[in-house]
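final_39.tsv follows (TSV, C-alpha atoms):
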chain	number	residue	atom	x	y	z
A	298	MET	CA	37.59	-35.68	-21.44
A	299	LYS	CA	37.02	-32.08	-22.44
A	300	TYR	CA	34.22	-33.22	-24.69
A	301	ILE	CA	32.44	-34.98	-21.80
A	302	ILE	CA	32.58	-31.93	-19.55
A	303	HIS	CA	31.28	-29.80	-22.35
A	304	GLN	CA	28.47	-32.25	-22.97
A	305	ASN	CA	27.52	-32.23	-19.28
A	306	ARG	CA	27.22	-28.45	-19.37
A	307	ILE	CA	24.99	-28.68	-22.38
A	308	THR	CA	22.70	-31.17	-20.70
A	309	ARG	CA	22.66	-29.48	-17.27
A	310	VAL	CA	21.59	-26.07	-18.49
A	311	PRO	CA	18.30	-27.31	-20.00
A	312	TRP	CA	17.61	-29.19	-16.75
A	313	ALA	CA	18.21	-25.99	-14.85
A	314	VAL	CA	15.81	-24.16	-17.16
A	315	LEU	CA	13.21	-26.91	-16.70
A	316	ILE	CA	13.56	-26.88	-12.90
A	317	PHE	CA	13.29	-23.11	-12.84
A	318	PHE	CA	10.11	-23.03	-14.87
A	319	VAL	CA	8.51	-25.86	-12.89
A	320	PHE	CA	9.11	-24.02	-9.60
A	321	SER	CA	8.43	-20.60	-11.06
A	322	GLY	CA	4.82	-21.73	-11.36
A	323	PHE	CA	4.67	-21.54	-7.58
A	324	ILE	CA	6.86	-18.49	-7.07
A	325	PHE	CA	6.13	-16.16	-9.96
A	326	SER	CA	2.72	-17.21	-11.18
A	327	PRO	CA	0.81	-14.15	-12.34
A	328	ALA	CA	-2.03	-12.89	-10.23
A	329	PRO	CA	-5.13	-14.91	-10.90
A	330	GLY	CA	-7.28	-13.15	-13.43
A	331	LEU	CA	-10.97	-12.47	-13.25
A	332	SER	CA	-11.61	-15.41	-15.54
A	333	GLU	CA	-10.62	-17.79	-12.76
A	334	GLU	CA	-13.07	-19.01	-10.17
A	335	PRO	CA	-13.36	-16.08	-7.76
A	336	ALA	CA	-14.19	-18.22	-4.72
A	337	GLY	CA	-10.80	-19.90	-5.01
A	338	ARG	CA	-9.10	-16.53	-4.93
A	339	LEU	CA	-10.70	-15.86	-1.58
A	340	ASP	CA	-9.45	-19.08	-0.07
A	341	PHE	CA	-7.12	-17.65	2.58
A	342	LEU	CA	-6.90	-17.43	6.35
A	343	LEU	CA	-7.19	-14.33	8.49
A	344	PRO	CA	-6.01	-14.03	12.08
A	345	ALA	CA	-8.78	-14.01	14.67
A	346	PRO	CA	-9.20	-10.40	15.85
A	347	ASP	CA	-7.74	-9.50	19.24
A	348	ASN	CA	-10.89	-7.53	19.90
A	349	THR	CA	-13.38	-9.81	21.67
A	350	GLY	CA	-16.34	-7.87	20.26
A	351	HIS	CA	-15.06	-8.43	16.73
A	352	ARG	CA	-14.59	-12.15	17.40
A	353	GLN	CA	-18.18	-12.35	18.64
A	354	TYR	CA	-19.41	-10.35	15.64
A	355	LEU	CA	-17.77	-12.87	13.30
A	356	GLY	CA	-19.04	-15.81	15.36
A	357	LEU	CA	-15.54	-17.15	16.04
A	358	SER	CA	-15.26	-19.41	19.04
A	359	THR	CA	-11.45	-19.62	19.08
A	360	ASP	CA	-8.52	-17.28	18.55
A	361	LYS	CA	-7.15	-19.41	15.71
A	362	PRO	CA	-6.89	-18.16	12.10
A	363	PHE	CA	-10.14	-18.53	10.20
A	364	SER	CA	-11.36	-18.67	6.62
A	365	LEU	CA	-14.11	-16.47	5.23
A	366	GLY	CA	-16.43	-19.49	5.10
A	367	GLN	CA	-16.20	-19.83	8.88
A	368	ILE	CA	-17.80	-16.47	9.54
A	369	LYS	CA	-21.21	-16.92	11.11
A	370	ALA	CA	-23.39	-15.28	8.48
A	371	GLN	CA	-25.28	-15.92	5.29
A	372	VAL	CA	-23.61	-13.09	3.41
A	373	VAL	CA	-20.16	-11.57	3.96
A	374	ILE	CA	-19.06	-8.30	2.39
A	375	VAL	CA	-15.28	-8.00	2.06
A	376	GLU	CA	-13.87	-4.56	1.33
A	377	ILE	CA	-10.31	-4.47	-0.02
A	378	PHE	CA	-9.02	-1.05	0.92
A	379	SER	CA	-5.83	0.86	1.56
A	380	MET	CA	-5.17	3.62	4.04
A	381	TYR	CA	-3.32	5.37	1.21
A	382	CYS	CA	-6.18	5.17	-1.31
A	383	PRO	CA	-7.99	8.52	-1.69
A	384	VAL	CA	-11.19	6.83	-2.84
A	385	CYS	CA	-11.16	4.47	0.17
A	386	GLN	CA	-10.80	7.53	2.37
A	387	ARG	CA	-13.74	9.23	0.69
A	388	GLU	CA	-15.84	6.04	0.77
A	389	ALA	CA	-15.18	5.31	4.44
A	390	GLU	CA	-18.25	7.20	5.58
A	391	ASN	CA	-20.44	5.33	3.08
A	392	ILE	CA	-19.23	1.90	4.11
A	393	ASN	CA	-19.71	2.89	7.74
A	394	ALA	CA	-23.28	3.83	6.86
A	395	VAL	CA	-23.80	0.43	5.19
A	396	PHE	CA	-22.58	-1.24	8.40
A	397	ARG	CA	-24.90	0.86	10.56
A	398	LEU	CA	-27.85	0.06	8.28
A	399	ILE	CA	-27.17	-3.65	8.64
A	400	GLN	CA	-26.76	-3.42	12.40
A	401	SER	CA	-29.94	-1.39	12.79
A	402	ARG	CA	-32.14	-4.11	11.27
A	403	SER	CA	-32.74	-7.04	13.55
A	404	GLY	CA	-33.61	-9.31	10.63
A	405	LEU	CA	-30.33	-8.51	8.95
A	406	LYS	CA	-27.55	-8.03	11.45
A	407	ASP	CA	-26.98	-11.72	12.11
A	408	LYS	CA	-27.17	-12.61	8.43
A	409	VAL	CA	-24.87	-10.04	6.81
A	410	LYS	CA	-21.35	-9.37	8.12
A	411	LEU	CA	-18.77	-6.91	6.91
A	412	ILE	CA	-14.97	-6.98	7.06
A	413	GLY	CA	-12.14	-4.97	5.51
A	414	ILE	CA	-8.67	-6.03	4.41
A	415	GLY	CA	-5.96	-3.37	4.11
A	416	ALA	CA	-3.87	-4.30	1.08
A	417	GLY	CA	-0.22	-3.57	1.76
A	418	ASN	CA	-1.15	-1.86	5.02
A	419	SER	CA	0.70	-2.63	8.23
A	420	ALA	CA	-1.19	-3.24	11.46
A	421	TYR	CA	-0.36	0.35	12.44
A	422	GLU	CA	-1.78	1.70	9.18
A	423	VAL	CA	-4.96	-0.37	9.50
A	424	ASP	CA	-5.44	0.84	13.08
A	425	PHE	CA	-4.83	4.40	11.98
A	426	PHE	CA	-7.46	4.08	9.23
A	427	ARG	CA	-9.90	2.51	11.70
A	428	GLU	CA	-9.49	5.33	14.20
A	429	LYS	CA	-9.45	8.07	11.58
A	430	TYR	CA	-12.82	7.07	10.19
A	431	GLY	CA	-14.38	5.46	13.26
A	432	ILE	CA	-14.78	2.08	11.58
A	433	GLU	CA	-16.58	-0.41	13.82
A	434	PHE	CA	-16.41	-3.60	11.76
A	435	PRO	CA	-13.28	-5.80	11.80
A	436	LEU	CA	-10.32	-4.71	9.67
A	437	PHE	CA	-7.33	-6.89	8.87
A	438	SER	CA	-3.80	-6.11	7.78
A	439	ASP	CA	-2.26	-7.57	4.62
A	440	THR	CA	1.19	-6.06	5.07
A	441	ASP	CA	3.04	-8.15	2.50
A	442	PHE	CA	0.29	-8.05	-0.15
A	443	SER	CA	-0.02	-11.84	0.05
A	444	ILE	CA	-3.83	-11.73	0.12
A	445	HIS	CA	-3.89	-8.91	-2.41
A	446	LYS	CA	-1.85	-11.02	-4.83
A	447	LYS	CA	-4.06	-14.05	-4.28
A	448	ILE	CA	-7.26	-12.15	-5.00
A	449	GLY	CA	-5.93	-10.81	-8.30
A	450	GLU	CA	-4.28	-7.50	-7.32
A	451	VAL	CA	-7.59	-5.67	-7.53
A	452	ARG	CA	-7.65	-1.88	-7.42
A	453	THR	CA	-9.05	-0.25	-4.32
A	454	PRO	CA	-11.62	0.03	-3.02
A	455	HIS	CA	-12.92	-3.33	-4.19
A	456	PHE	CA	-15.87	-5.27	-2.81
A	457	PHE	CA	-16.39	-9.00	-2.80
A	458	CYS	CA	-19.80	-10.24	-1.66
A	459	LEU	CA	-19.98	-13.87	-0.61
A	460	SER	CA	-22.89	-16.18	-0.06
A	461	LEU	CA	-22.06	-18.75	2.65
A	462	ASP	CA	-23.41	-22.30	2.60
A	463	GLY	CA	-23.18	-22.96	6.35
A	464	ASN	CA	-20.53	-25.66	5.92
A	465	ASN	CA	-17.51	-23.36	5.65
A	466	GLY	CA	-18.03	-23.04	1.91
A	467	PHE	CA	-19.06	-19.98	-0.05
A	468	SER	CA	-19.63	-18.56	-3.51
A	469	VAL	CA	-18.94	-15.05	-4.73
A	470	PHE	CA	-21.97	-13.26	-6.16
A	471	TYR	CA	-20.39	-9.83	-6.55
A	472	SER	CA	-16.90	-8.58	-7.26
A	473	GLY	CA	-16.38	-4.97	-8.27
A	474	THR	CA	-14.96	-1.52	-7.69
A	475	GLU	CA	-18.12	0.52	-8.19
A	476	ALA	CA	-18.48	3.42	-5.78
A	477	ILE	CA	-21.26	3.28	-3.21
A	478	GLU	CA	-23.73	5.84	-4.57
A	479	THR	CA	-25.98	5.59	-1.55
A	480	PRO	CA	-25.57	3.11	1.33
A	481	GLU	CA	-29.24	2.10	1.15
A	482	ALA	CA	-29.12	1.38	-2.61
A	483	PHE	CA	-25.84	-0.54	-2.22
A	484	LEU	CA	-27.36	-2.70	0.52
A	485	GLN	CA	-30.62	-3.31	-1.31
A	486	THR	CA	-28.82	-4.37	-4.49
A	487	LEU	CA	-26.57	-6.65	-2.49
A	488	LEU	CA	-29.51	-8.26	-0.66
A	489	LYS	CA	-31.38	-8.77	-3.92
A	490	ASP	CA	-28.37	-10.37	-5.60
A	491	SER	CA	-27.63	-12.55	-2.58
A	492	GLY	CA	-31.04	-14.16	-2.67
A	493	ILE	CA	-31.30	-14.29	1.13
A	494	LYS	CA	-34.65	-13.79	2.74
A	495	VAL	CA	-34.80	-10.91	5.15
A	496	THR	CA	-37.56	-10.59	7.70
A	497	PRO	CA	-38.54	-6.95	8.12
B	279	MET	CA	27.32	-28.11	-11.01
B	280	LYS	CA	28.50	-24.50	-10.81
B	281	SER	CA	27.06	-23.63	-14.21
B	282	PHE	CA	23.83	-25.37	-13.24
B	283	LEU	CA	23.46	-23.26	-10.10
B	284	ILE	CA	24.41	-20.08	-11.94
B	285	THR	CA	21.75	-20.77	-14.55
B	286	VAL	CA	19.02	-21.44	-11.96
B	287	LEU	CA	19.97	-18.37	-9.94
B	288	GLY	CA	20.17	-16.22	-13.05
B	289	LEU	CA	16.72	-17.29	-14.13
B	290	ALA	CA	15.40	-16.75	-10.61
B	291	MET	CA	16.74	-13.18	-10.64
B	292	LEU	CA	15.14	-12.64	-14.03
B	293	GLY	CA	11.95	-13.99	-12.57
B	294	PHE	CA	12.01	-11.44	-9.77
B	295	GLY	CA	12.23	-8.76	-12.40
B	296	ILE	CA	9.24	-10.20	-14.21
B	297	ALA	CA	7.20	-10.68	-11.06
B	298	GLY	CA	6.65	-6.94	-10.77
B	299	PRO	CA	6.43	-4.56	-7.86
B	300	CYS	CA	4.15	-4.93	-4.88
B	301	PHE	CA	1.69	-2.10	-4.80
B	302	CYS	CA	-1.99	-1.59	-4.54
B	303	GLU	CA	-3.29	0.92	-7.01
B	304	SER	CA	-6.41	2.83	-6.09
B	305	THR	CA	-9.08	3.85	-8.57
B	306	ALA	CA	-8.48	7.52	-7.71
B	307	PHE	CA	-6.51	8.42	-10.83
B	308	GLY	CA	-8.48	6.42	-13.39
B	309	ASN	CA	-6.17	5.18	-16.13
B	310	LYS	CA	-3.70	8.07	-15.86
B	311	ILE	CA	-1.05	6.20	-13.88
B	312	PHE	CA	2.11	5.17	-15.74
B	313	ASP	CA	3.48	1.87	-14.53
B	314	PRO	CA	7.27	1.73	-14.88
B	315	GLY	CA	7.33	-1.90	-13.74
B	316	SER	CA	9.67	-3.22	-11.11
B	317	LEU	CA	12.65	-0.94	-10.56
B	318	LYS	CA	16.06	-1.45	-9.03
B	319	PRO	CA	15.30	-1.08	-5.30
B	320	VAL	CA	17.98	1.53	-4.59
B	321	ASP	CA	20.08	3.26	-7.25
B	322	SER	CA	22.10	5.92	-5.44
B	323	VAL	CA	24.63	6.32	-2.64
B	324	LEU	CA	23.67	8.34	0.41
B	325	LYS	CA	25.76	11.42	1.13
B	326	ILE	CA	24.24	12.18	4.52
B	327	LYS	CA	23.76	10.24	7.74
B	328	THR	CA	22.08	10.65	11.08
B	329	GLY	CA	23.89	13.22	13.19
B	330	ASP	CA	24.86	15.39	10.21
B	331	ALA	CA	23.62	18.92	9.79
B	332	ALA	CA	20.95	18.78	7.09
B	333	PRO	CA	22.22	20.42	3.88
B	334	ASP	CA	20.26	23.60	3.36
B	335	PHE	CA	18.25	24.27	0.22
B	336	THR	CA	15.71	26.62	-1.23
B	337	LEU	CA	13.09	25.18	-3.56
B	338	THR	CA	9.85	26.49	-4.99
B	339	SER	CA	6.59	24.90	-3.91
B	340	ILE	CA	3.48	24.30	-5.99
B	341	THR	CA	1.90	27.24	-4.18
B	342	GLY	CA	4.63	29.48	-5.60
B	343	LYS	CA	6.34	29.88	-2.22
B	344	GLU	CA	10.13	29.82	-1.92
B	345	LEU	CA	10.84	27.30	0.79
B	346	ARG	CA	14.15	27.46	2.62
B	347	LEU	CA	14.93	24.51	4.89
B	348	SER	CA	17.07	26.47	7.37
B	349	SER	CA	14.21	28.87	8.06
B	350	TYR	CA	12.58	26.14	10.17
B	351	ILE	CA	15.54	25.72	12.51
B	352	GLY	CA	14.40	26.43	16.05
B	353	ARG	CA	10.75	26.30	15.00
B	354	LYS	CA	9.78	22.90	13.61
B	355	ASN	CA	11.04	19.41	13.02
B	356	VAL	CA	11.05	18.76	9.29
B	357	MET	CA	10.35	15.52	7.46
B	358	LEU	CA	11.48	15.40	3.83
B	359	SER	CA	9.57	12.88	1.73
B	360	PHE	CA	11.45	12.30	-1.51
B	361	ILE	CA	9.39	10.44	-4.10
B	362	PRO	CA	10.54	9.17	-7.49
B	363	ALA	CA	7.95	10.48	-9.91
B	364	ALA	CA	4.46	11.87	-10.27
B	365	TRP	CA	1.79	9.75	-11.96
B	366	THR	CA	3.39	6.45	-10.95
B	367	PRO	CA	1.72	3.74	-8.88
B	368	VAL	CA	3.35	3.75	-5.44
B	369	CYS	CA	3.95	7.51	-5.32
B	370	SER	CA	0.37	8.32	-6.26
B	371	ASP	CA	-0.90	6.65	-3.10
B	372	GLN	CA	1.91	7.64	-0.73
B	373	TRP	CA	1.17	11.32	-0.20
B	374	PRO	CA	-2.63	10.81	-0.04
B	375	GLY	CA	-1.88	8.58	2.96
B	376	TYR	CA	0.08	11.37	4.65
B	377	ASN	CA	-2.75	13.70	3.72
B	378	ILE	CA	-5.03	12.07	6.30
B	379	ALA	CA	-2.28	12.05	8.92
B	380	GLU	CA	-2.00	15.81	9.38
B	381	ASP	CA	-3.01	15.47	13.04
B	382	ILE	CA	-0.05	13.20	13.72
B	383	PHE	CA	2.46	15.55	12.11
B	384	ARG	CA	0.99	18.47	14.07
B	385	ARG	CA	1.09	16.45	17.31
B	386	TYR	CA	4.81	15.91	16.85
B	387	ASP	CA	5.43	19.48	15.69
B	388	THR	CA	6.77	18.25	12.37
B	389	LEU	CA	6.50	19.99	9.04
B	390	LEU	CA	6.20	17.61	6.10
B	391	ILE	CA	7.77	18.61	2.79
B	392	GLY	CA	7.26	16.52	-0.32
B	393	ILE	CA	10.09	16.64	-2.85
B	394	SER	CA	10.23	15.35	-6.40
B	395	THR	CA	12.44	16.03	-9.41
B	396	ASP	CA	9.29	16.55	-11.48
B	397	PRO	CA	8.69	20.09	-12.76
B	398	LEU	CA	6.24	22.30	-10.87
B	399	PRO	CA	3.35	22.14	-13.37
B	400	THR	CA	3.39	18.34	-13.23
B	401	LEU	CA	3.40	18.32	-9.43
B	402	PHE	CA	0.65	20.92	-9.39
B	403	ALA	CA	-1.66	18.88	-11.66
B	404	TRP	CA	-0.89	15.59	-9.92
B	405	THR	CA	-1.52	16.84	-6.40
B	406	ARG	CA	-4.71	18.56	-7.61
B	407	ASP	CA	-5.89	15.13	-8.74
B	408	MET	CA	-5.24	13.91	-5.20
B	409	GLY	CA	-7.75	16.48	-4.04
B	410	GLY	CA	-5.06	18.82	-2.69
B	411	LEU	CA	-2.56	18.26	0.10
B	412	TRP	CA	-2.12	20.05	3.42
B	413	PHE	CA	1.69	19.94	3.23
B	414	GLU	CA	4.17	21.72	0.99
B	415	VAL	CA	5.31	20.02	-2.20
B	416	VAL	CA	8.46	21.38	-3.82
B	417	SER	CA	10.15	20.75	-7.14
B	418	ASP	CA	13.80	19.76	-7.42
B	419	PHE	CA	13.61	19.93	-11.19
B	420	TRP	CA	16.23	22.59	-11.93
B	421	PRO	CA	19.19	22.47	-11.62
B	422	HIS	CA	17.94	18.97	-12.16
B	423	GLY	CA	17.86	16.95	-8.96
B	424	ALA	CA	20.44	19.20	-7.26
B	425	VAL	CA	18.98	18.79	-3.77
B	426	SER	CA	18.43	15.08	-4.25
B	427	GLU	CA	22.04	14.79	-5.38
B	428	THR	CA	23.28	16.72	-2.33
B	429	TYR	CA	21.50	14.25	-0.06
B	430	GLY	CA	22.63	11.29	-2.17
B	431	VAL	CA	19.17	10.13	-3.20
B	432	LEU	CA	19.29	10.96	-6.91
B	433	ARG	CA	18.99	7.86	-9.04
B	434	THR	CA	20.91	7.43	-12.26
B	435	ASN	CA	17.78	8.09	-14.33
B	436	GLY	CA	17.23	11.54	-12.78
B	437	THR	CA	14.42	10.58	-10.42
B	438	ALA	CA	14.76	10.56	-6.65
B	439	GLU	CA	14.69	7.56	-4.36
B	440	ARG	CA	11.69	6.87	-2.15
B	441	ALA	CA	13.36	8.37	0.89
B	442	ILE	CA	12.44	9.88	4.23
B	443	ILE	CA	14.77	12.27	6.05
B	444	LEU	CA	13.75	13.53	9.49
B	445	ILE	CA	15.46	16.69	10.73
B	446	ASP	CA	15.11	18.03	14.25
B	447	LYS	CA	14.65	21.63	15.33
B	448	LYS	CA	18.40	22.13	15.49
B	449	GLY	CA	18.73	21.22	11.83
B	450	ILE	CA	20.31	17.85	12.60
B	451	ILE	CA	19.35	14.74	10.66
B	452	ARG	CA	17.83	12.26	13.10
B	453	PHE	CA	16.43	9.56	10.82
B	454	VAL	CA	17.20	8.41	7.28
B	455	HIS	CA	15.19	5.83	5.38
B	456	VAL	CA	15.98	4.98	1.78
B	457	GLY	CA	13.81	1.99	1.12
B	458	ASP	CA	12.97	-0.17	-1.85
B	459	ILE	CA	11.59	2.25	-4.43
B	460	ASN	CA	8.84	-0.26	-5.23
B	461	LEU	CA	7.42	-0.11	-1.70
B	462	ARG	CA	5.97	2.53	0.58
B	463	PRO	CA	7.58	3.06	3.96
B	464	ASP	CA	5.30	2.06	6.84
B	465	LEU	CA	3.62	5.07	8.39
B	466	GLY	CA	4.15	3.43	11.78
B	467	ILE	CA	7.92	3.79	11.41
B	468	LEU	CA	7.65	7.48	10.57
B	469	VAL	CA	5.41	8.10	13.57
B	470	ARG	CA	7.79	6.20	15.84
B	471	GLU	CA	10.69	8.41	14.70
B	472	MET	CA	8.72	11.64	15.07
B	473	LYS	CA	7.73	10.54	18.55
B	474	LYS	CA	11.41	10.12	19.48
B	475	LEU	CA	11.94	13.82	18.78
B	476	ASN	CA	9.01	14.72	21.03
B	477	PRO	CA	9.17	12.36	24.00

How does this structure look as C-alpha cells?
Amino acid sequence: MKYIIHQNRITRVPWAVLIFFVFSGFIFSPAPGLSEEPAGRLDFLLPAPDNTGHRQYLGLSTDKPFSLGQIKAQVVIVEIFSMYCPVCQREAENINAVFRLIQSRSGLKDKVKLIGIGAGNSAYEVDFFREKYGIEFPLFSDTDFSIHKKIGEVRTPHFFCLSLDGNNGFSVFYSGTEAIETPEAFLQTLLKDSGIKVTP
Amino acid sequence: MKSFLITVLGLAMLGFGIAGPCFCESTAFGNKIFDPGSLKPVDSVLKIKTGDAAPDFTLTSITGKELRLSSYIGRKNVMLSFIPAAWTPVCSDQWPGYNIAEDIFRRYDTLLIGISTDPLPTLFAWTRDMGGLWFEVVSDFWPHGAVSETYGVLRTNGTAERAIILIDKKGIIRFVHVGDINLRPDLGILVREMKKLNP
C-alpha cells in the first residue's frame, strides 16, 4: 500500500510539471522579440476616446473598443511614451509639431493619424501629460503594462508606423526609438517609407 | 493530490519570479541602468502610521544643504519619497515624473523630499543625468539607512522601500504608501492625498 502511494506521488509530480509548463506558455511567455512579426504585436484593442473630437479624428463611428486597423487613415503613427520618461517629456514639443504639420496640410491630414499610448501610465497620468504639453492627438492609458508587454516591452519613446490596408488590416513599416531631429525631416522620412501618395 | 497542488503552486510562484517586474524603461540613461530583476514586493515592517507625529531627522541634500524635517512644521506640507536605489529601472523614471509636476506640489503647498540610502555622490550624478530636479534629494547613507529604519521602510538588503509618506503642516503623518517595490505609485493617488490637506 505504501508503495502505491509513493508511486502515485512520483507520477503526479511530473504531470504537475507538465501542466505548469503548458499553461506557463500563456502566463509567463517572454515579451515577443523584434524577430517576431511586428504587426501581430500591435494586435490589441483600445477604448474609444470619451472626447468626441478624438473619436471623429480617428474615424470611429461607435464608442466600442477598436483596433489600430480600424482607424480611418492610410498611415498611423503610434508613440509609446511614459509621463515619467525624461526623453518623452523633451520630445513632446517635437511630436506636437509633427501633428501640427500633418494637420496643416489638407492632402495629408485625412491620410496620416497620430496616437500615443502611455505605458504603465494611469488615466490620471496620461491626462496630466496631455495637459502639461498641450497634446492634441488622442492618448491612451496602458496602466497595467498589458499593451507594453504585448509590443515587446520597448523602451520609451518608441514609434511604430503602420500602413493600413482599408480592411482593418495593417503592416508595420517602421519601429524604432530614434529621436525626432526635426519634425519636418521625421515626417518626410515617414511619408517616403510609407509609400503613400500625397497631393500637395 | 496535495503534493500535486503544492508542486503546481510552487512552480507558479517560481514563474512569477522569472516573469520579471513591470516597468517601462526610457532611453534617457542609455545603458547605464542596472536591472536587479523582480524583487520581493515589500521587505520591511512599518514603524509609523497615519496620525503619528513624523519622526524628525536631519539629512544632507545633494546641494550640500542640511535639511531638517521639523523646520517645515507650520510652513509646508511635506511629502517624503523613499526610493530603493539610484541607477535602477523604476526609480530612474519615478522622480523625473515628479519633476514635471512641480506646479501640482506648489498648488497644494507641499514640499517634496526624495530620500535614498545611496551615498550623496551617487545621488548627485544620477539626478544630474535626469537633467536636474526642482526638489530636494537627501542621502540616508550614514548611519546607513537610519531614517528609513526609523520609519520602518528599510529593507533587509540596506535599500529603502518605494514609499510615500505625506506629513501635514503640524508634523502629523496623514498618508502612508508602501507599495510593491517593482511598481511606481500612481501620481493620481499622491495628488488626491495632497488635495485632502488643502481642501

> In Å, with one decimal, what is the gap from CA of Lys447 (chain A) to CA of Asp424 (chain A)?
Replying inline: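 Calculated distance between CA of Lys447 (chain A) and CA of Asp424 (chain A) is 22.9 Å.
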
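If you look at CA of Gly413 (chain A) and CA of Val375 (chain A), they are 5.6 Å away from each other.
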
Nearest-residue call for Ala403 (chain B), choices B:Asn435, B:Ser349, B:Asn355, B:Thr341, using all atoms listed in the file
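Among B:Asn435, B:Ser349, B:Asn355, B:Thr341, it is B:Thr341 that comes nearest to Ala403 (chain B).
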
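Among the candidates B:Asp464, B:Glu427, B:Asp313, B:Glu439, the residue lying nearest to Pro367 (chain B) is B:Asp313 (atoms considered: all atoms listed in the file).
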
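Computed from the coordinates, the CA of Gly342 (chain B) to CA of Tyr381 (chain A) distance equals 26.3 Å.
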
Would you mind putting all heavy atoms back on region 368-374 of chain A and writing the result as a compact mmCIF listing (two decimals), in the frame of the given file?
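The new file out_37.txt reads:
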# COMPACT_ATOMS: atom_id res chain seq x y z
N ILE A 368 -17.09 -17.59 8.91
CA ILE A 368 -17.80 -16.47 9.54
C ILE A 368 -19.28 -16.85 9.69
O ILE A 368 -19.88 -17.43 8.78
CB ILE A 368 -17.65 -15.19 8.68
CG1 ILE A 368 -16.18 -14.77 8.64
CG2 ILE A 368 -18.52 -14.06 9.23
CD1 ILE A 368 -15.87 -13.62 7.70
N LYS A 369 -19.82 -16.55 10.84
CA LYS A 369 -21.21 -16.92 11.11
C LYS A 369 -22.13 -15.89 10.47
O LYS A 369 -22.42 -14.83 11.04
CB LYS A 369 -21.45 -16.99 12.62
CG LYS A 369 -22.71 -17.72 13.00
CD LYS A 369 -22.82 -17.83 14.50
CE LYS A 369 -24.16 -18.46 14.87
NZ LYS A 369 -24.39 -18.41 16.31
N ALA A 370 -22.54 -16.19 9.25
CA ALA A 370 -23.39 -15.28 8.48
C ALA A 370 -23.89 -16.00 7.24
O ALA A 370 -23.40 -17.09 6.92
CB ALA A 370 -22.61 -14.05 8.08
N GLN A 371 -24.86 -15.38 6.59
CA GLN A 371 -25.28 -15.92 5.29
C GLN A 371 -24.58 -15.18 4.15
O GLN A 371 -24.36 -15.73 3.08
CB GLN A 371 -26.80 -15.79 5.16
CG GLN A 371 -27.55 -16.72 6.11
CD GLN A 371 -29.05 -16.61 5.95
OE1 GLN A 371 -29.57 -16.25 4.90
NE2 GLN A 371 -29.76 -16.95 7.01
N VAL A 372 -24.29 -13.91 4.42
CA VAL A 372 -23.61 -13.09 3.41
C VAL A 372 -22.46 -12.35 4.09
O VAL A 372 -22.62 -11.84 5.20
CB VAL A 372 -24.60 -12.06 2.79
CG1 VAL A 372 -23.85 -11.00 1.98
CG2 VAL A 372 -25.62 -12.76 1.92
N VAL A 373 -21.31 -12.32 3.44
CA VAL A 373 -20.16 -11.57 3.96
C VAL A 373 -19.71 -10.58 2.88
O VAL A 373 -19.51 -10.95 1.72
CB VAL A 373 -18.99 -12.50 4.34
CG1 VAL A 373 -17.76 -11.68 4.73
CG2 VAL A 373 -19.38 -13.41 5.49
N ILE A 374 -19.59 -9.33 3.30
CA ILE A 374 -19.06 -8.30 2.39
C ILE A 374 -17.60 -8.08 2.78
O ILE A 374 -17.30 -7.82 3.95
CB ILE A 374 -19.82 -6.96 2.54
CG1 ILE A 374 -21.33 -7.17 2.37
CG2 ILE A 374 -19.31 -5.92 1.55
CD1 ILE A 374 -22.16 -5.95 2.79
